[in-house]
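Visitor: If you scroll down you'll find the structure; I have some questions about it.
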Amino acid sequence: MSVVLVAGTHSWDPKDPDWHSPGSPFVQFLMSRGVFPVFGQQTSEHGGIELRPFVWSTDLGGVSFGDGDLRVWLAAGLNLYSYIVPPLCPERRLPVDRTNIIAHSHGLQVVLVACRAGLKINTLISVGSPIRKDMDSTAKAARPNIKTWVHIHSDGSDRWQVFGSLFDGRLGIVRKHPLADINEFVPKVGHTDLLRDPDQFHHWQERGWLEKLR
């Protein structure tokens with residue numbers, strides 16, 4: 001089964017590929033279990049073919065009040081829609097039943113914008129994503145276009161989930177997403193270990209998350 005990988009904040013650096021990039025330990029793990037990340041293809045300067053993940057700026061958003069500060073996610077969400085459903089050749093889109101997404105951190109906001117715009121996906125797995133009040137209306141509008149949503153969160157070891165929800169207009173700490181079908185709690189894995197630490201990859205199979213992508 002196929003899956004599109006959507007990075008979180010400050011995760012894109014062409015000189016330092018992260019978990020969502022071709023050849024990463026997480027990508028190799030997925031492929032060894034029969035789950036194949038979707039990558040674009042581009043001709044390199046040497047004439048070969050380079051695989052490219054979905055890319056957005058991964059700039060920090062949501063750090064001040066007002067919808068204008070969410071524009072980085074709005075633009076990225078529309079780009080994600082075009083990545084999966086090319087506007088000039090929609091016949092080459094991924095079939096809905098093969099459109100699965102793993103999104104890390106604020107990558108969730110990007111996915112929600114895309115789904116609000118009309119992208120339909122089979123399964124969404126969000127990992128360590130901040131739950132933001134200023135994205136509530138977007139999430140509610142997106143939800144009918146997401147068949148199955150698994151939200152994975154940790155404990156106090158993941159401070160970035162909390163920091164990523166600051167300045168959203170809500171008081172308190174929220175780790176579970178109220179609109180997800182399933183909220184999964186995994187202790188002591190921080191913000192990125194489930195995607196970067198091979199010693200933690202076993203959770204994906206043992207907890208049945210990979211089966212949700214099939």
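Please note that chains go A, B, ... in the order of the structure tokens, that every chain numbers its residues from 1, and that ligands are numbered from 1 in the order shown.
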So which residues touch A:Ile84 within 7 Å, counting only C-alpha atoms, skipping near sequence neighbours fewer than 3 positions away, as a PyMOL selection string?

Guide: chain A and resi 80-81+93-94

Visitor: Go through chain A and collect every residue that DSSP, computed from the backbone, puts in strand (DSSP E or B); the answer should be as a PyMOL selection string.

Guide: chain A and resi 2-6+36-37+40-43+49-52+100-104+121-127+146-153+182-185

Visitor: Which residues of stretch 94-159 of chain A sit at most 10 Å from stretch 11-26 of chain A, using only C-alpha atoms? Give each one's shortest atom pair and distance in Å (one decimal place), in chain and ascending residue order, as a Markdown table.

Guide:
| residue | atom | partner | partner_atom | distance |
| --- | --- | --- | --- | --- |
| A:Ile102 | CA | A:His20 | CA | 9.2 |
| A:Ala103 | CA | A:His20 | CA | 9.4 |
| A:His104 | CA | A:His20 | CA | 9.4 |
| A:Ser105 | CA | A:Ser11 | CA | 10.0 |
| A:Gly107 | CA | A:Ser11 | CA | 9.8 |

Visitor: Could you list, as a PyMOL selection string, every residue within 12 Å of A:Gln42, counting only C-alpha atoms and ignoring same-chain residues fewer than 6 positions away?

Guide: chain A and resi 48-53

Visitor: Separation of atom CA of A:Lys147 and atom CA of A:Asp181, in Å?

Guide: 9.2 Å

Visitor: Provide the atom CA of A:Pro86 to atom CA of A:Arg143 distance in Å, to one decimal place.

Guide: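 Going from atom CA of A:Pro86 over to atom CA of A:Arg143 covers 21.8 Å.
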
Visitor: Would you please work out which residue, of A:Pro95, A:Gly164, A:Pro187, A:Gly118, is nearest to A:Ile152 when using only C-alpha atoms?

Guide: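 When distances to A:Ile152 are compared using only C-alpha atoms, the smallest one comes from A:Pro187.
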
Visitor: Taking only C-alpha atoms into account, which of A:Leu210, A:Leu124, A:Ala142, A:Ala117 comes nearest A:Leu30?

Guide: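 Closest residue, counting only C-alpha atoms: A:Leu210.
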
Visitor: Which value, in Å to one decimal, gives the distance between atom CA of A:Asn100 and atom CA of A:Val4?

Guide: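 Distance between the two atoms: 6.1 Å.
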
Visitor: Counting only C-alpha atoms, which of A:Arg196, A:Lys140, A:Lys176, A:Arg159 gets nearest to A:Ser126?

Guide: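 Among the listed residues, A:Lys176 lies closest to A:Ser126.
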
Visitor: Go through A:Gln205, A:Thr192, A:Asn183, A:Thr138 and flag the residue nearest A:Ile125, using only C-alpha atoms for the distances.

Guide: A:Asn183

Visitor: Ranking A:His106, A:Val113, A:Gly208, A:Thr99 by minimum distance to A:Ala75 and counting only C-alpha atoms, which one comes first?

Guide: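 Of A:His106, A:Val113, A:Gly208, A:Thr99, the one nearest A:Ala75 is A:Val113, counting only C-alpha atoms.
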
Visitor: With distances taken over only C-alpha atoms, which residue among A:Leu74, A:Met1, A:Leu60, A:Val127 lies nearest A:Met31?

Guide: A:Met1

Visitor: Per DSSP on the backbone, filter stretch 10-113 of chain A down to the residues in helix (DSSP H, G or I) and report them as a PyMOL selection string.

Guide: chain A and resi 25-32+67-84+90-92+96-98+107-113

Visitor: Take the residues that were just selected and, keeping N, CA and C atoms, output them as a compact mmCIF listing (two decimals), in the first residue's frame.

Guide:
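Final output, saved to part.txt:
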# COMPACT_ATOMS: atom_id res chain seq x y z
N PRO A 25 15.89 5.61 7.46
CA PRO A 25 15.57 4.36 8.17
C PRO A 25 14.06 4.09 8.25
N PHE A 26 13.26 5.15 8.43
CA PHE A 26 11.82 4.94 8.53
C PHE A 26 11.24 4.50 7.19
N VAL A 27 11.69 5.11 6.11
CA VAL A 27 11.23 4.71 4.78
C VAL A 27 11.62 3.27 4.49
N GLN A 28 12.84 2.90 4.83
CA GLN A 28 13.27 1.52 4.63
C GLN A 28 12.43 0.55 5.46
N PHE A 29 12.10 0.95 6.67
CA PHE A 29 11.25 0.12 7.52
C PHE A 29 9.87 -0.07 6.89
N LEU A 30 9.26 1.01 6.43
CA LEU A 30 7.95 0.90 5.80
C LEU A 30 7.98 -0.04 4.60
N MET A 31 8.97 0.13 3.75
CA MET A 31 9.05 -0.68 2.54
C MET A 31 9.27 -2.15 2.87
N SER A 32 10.02 -2.42 3.93
CA SER A 32 10.25 -3.81 4.32
C SER A 32 8.99 -4.47 4.83
N ASP A 67 -5.78 34.66 11.93
CA ASP A 67 -5.69 33.68 10.86
C ASP A 67 -4.54 33.95 9.90
N GLY A 68 -4.12 35.22 9.79
CA GLY A 68 -3.04 35.55 8.87
C GLY A 68 -1.76 34.81 9.18
N ASP A 69 -1.59 34.46 10.44
CA ASP A 69 -0.37 33.76 10.83
C ASP A 69 -0.41 32.28 10.45
N LEU A 70 -1.53 31.81 9.94
CA LEU A 70 -1.66 30.42 9.53
C LEU A 70 -1.37 30.23 8.04
N ARG A 71 -0.94 31.28 7.37
CA ARG A 71 -0.79 31.21 5.91
C ARG A 71 0.23 30.18 5.47
N VAL A 72 1.26 29.96 6.28
CA VAL A 72 2.27 28.97 5.88
C VAL A 72 1.64 27.58 5.73
N TRP A 73 0.68 27.26 6.60
CA TRP A 73 -0.01 25.97 6.51
C TRP A 73 -1.05 25.99 5.38
N LEU A 74 -1.69 27.13 5.17
CA LEU A 74 -2.68 27.23 4.11
C LEU A 74 -2.03 26.99 2.75
N ALA A 75 -0.89 27.62 2.50
CA ALA A 75 -0.20 27.44 1.23
C ALA A 75 0.29 26.00 1.08
N ALA A 76 0.85 25.45 2.17
CA ALA A 76 1.37 24.08 2.10
C ALA A 76 0.24 23.08 1.86
N GLY A 77 -0.92 23.31 2.46
CA GLY A 77 -2.05 22.40 2.28
C GLY A 77 -2.52 22.37 0.84
N LEU A 78 -2.59 23.53 0.20
CA LEU A 78 -2.99 23.57 -1.20
C LEU A 78 -1.94 22.91 -2.08
N ASN A 79 -0.67 23.06 -1.71
CA ASN A 79 0.39 22.37 -2.46
C ASN A 79 0.30 20.86 -2.30
N LEU A 80 -0.06 20.40 -1.10
CA LEU A 80 -0.23 18.96 -0.89
C LEU A 80 -1.37 18.43 -1.75
N TYR A 81 -2.45 19.16 -1.82
CA TYR A 81 -3.57 18.76 -2.67
C TYR A 81 -3.08 18.59 -4.11
N SER A 82 -2.30 19.56 -4.59
CA SER A 82 -1.81 19.49 -5.97
C SER A 82 -0.79 18.37 -6.16
N TYR A 83 -0.06 18.03 -5.12
CA TYR A 83 0.91 16.94 -5.19
C TYR A 83 0.19 15.60 -5.42
N ILE A 84 -0.96 15.44 -4.77
CA ILE A 84 -1.70 14.18 -4.86
C ILE A 84 -2.69 14.18 -6.02
N PRO A 90 -5.32 15.62 -13.65
CA PRO A 90 -5.98 14.95 -12.52
C PRO A 90 -6.14 13.45 -12.70
N GLU A 91 -6.06 12.97 -13.96
CA GLU A 91 -6.18 11.54 -14.18
C GLU A 91 -5.00 10.77 -13.59
N ARG A 92 -3.94 11.47 -13.21
CA ARG A 92 -2.77 10.83 -12.63
C ARG A 92 -2.76 10.90 -11.10
N VAL A 96 -8.29 7.24 -4.35
CA VAL A 96 -8.64 7.57 -2.96
C VAL A 96 -8.31 6.42 -2.02
N ASP A 97 -8.56 5.18 -2.44
CA ASP A 97 -8.32 4.06 -1.55
C ASP A 97 -6.83 3.78 -1.33
N ARG A 98 -5.97 4.46 -2.10
CA ARG A 98 -4.52 4.33 -1.91
C ARG A 98 -3.90 5.63 -1.38
N GLY A 107 2.66 19.08 10.41
CA GLY A 107 2.25 18.52 9.13
C GLY A 107 0.76 18.20 9.12
N LEU A 108 0.21 17.94 10.31
CA LEU A 108 -1.23 17.69 10.39
C LEU A 108 -2.02 18.89 9.90
N GLN A 109 -1.60 20.09 10.27
CA GLN A 109 -2.34 21.29 9.84
C GLN A 109 -2.35 21.38 8.32
N VAL A 110 -1.24 21.00 7.71
CA VAL A 110 -1.13 21.01 6.25
C VAL A 110 -2.14 20.04 5.64
N VAL A 111 -2.23 18.85 6.20
CA VAL A 111 -3.15 17.84 5.69
C VAL A 111 -4.60 18.30 5.87
N LEU A 112 -4.90 18.89 7.00
CA LEU A 112 -6.28 19.34 7.26
C LEU A 112 -6.70 20.41 6.26
N VAL A 113 -5.79 21.31 5.93
CA VAL A 113 -6.10 22.33 4.92
C VAL A 113 -6.39 21.67 3.57

Visitor: For A:Gly172, find every residue with an atom within 10 Å (counting only C-alpha atoms), except residues of its own chain fewer than 4 positions away, and show them as a list in words.

Guide: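 My reading of the contact set: Val162, Ser165 and Leu166 of chain A.
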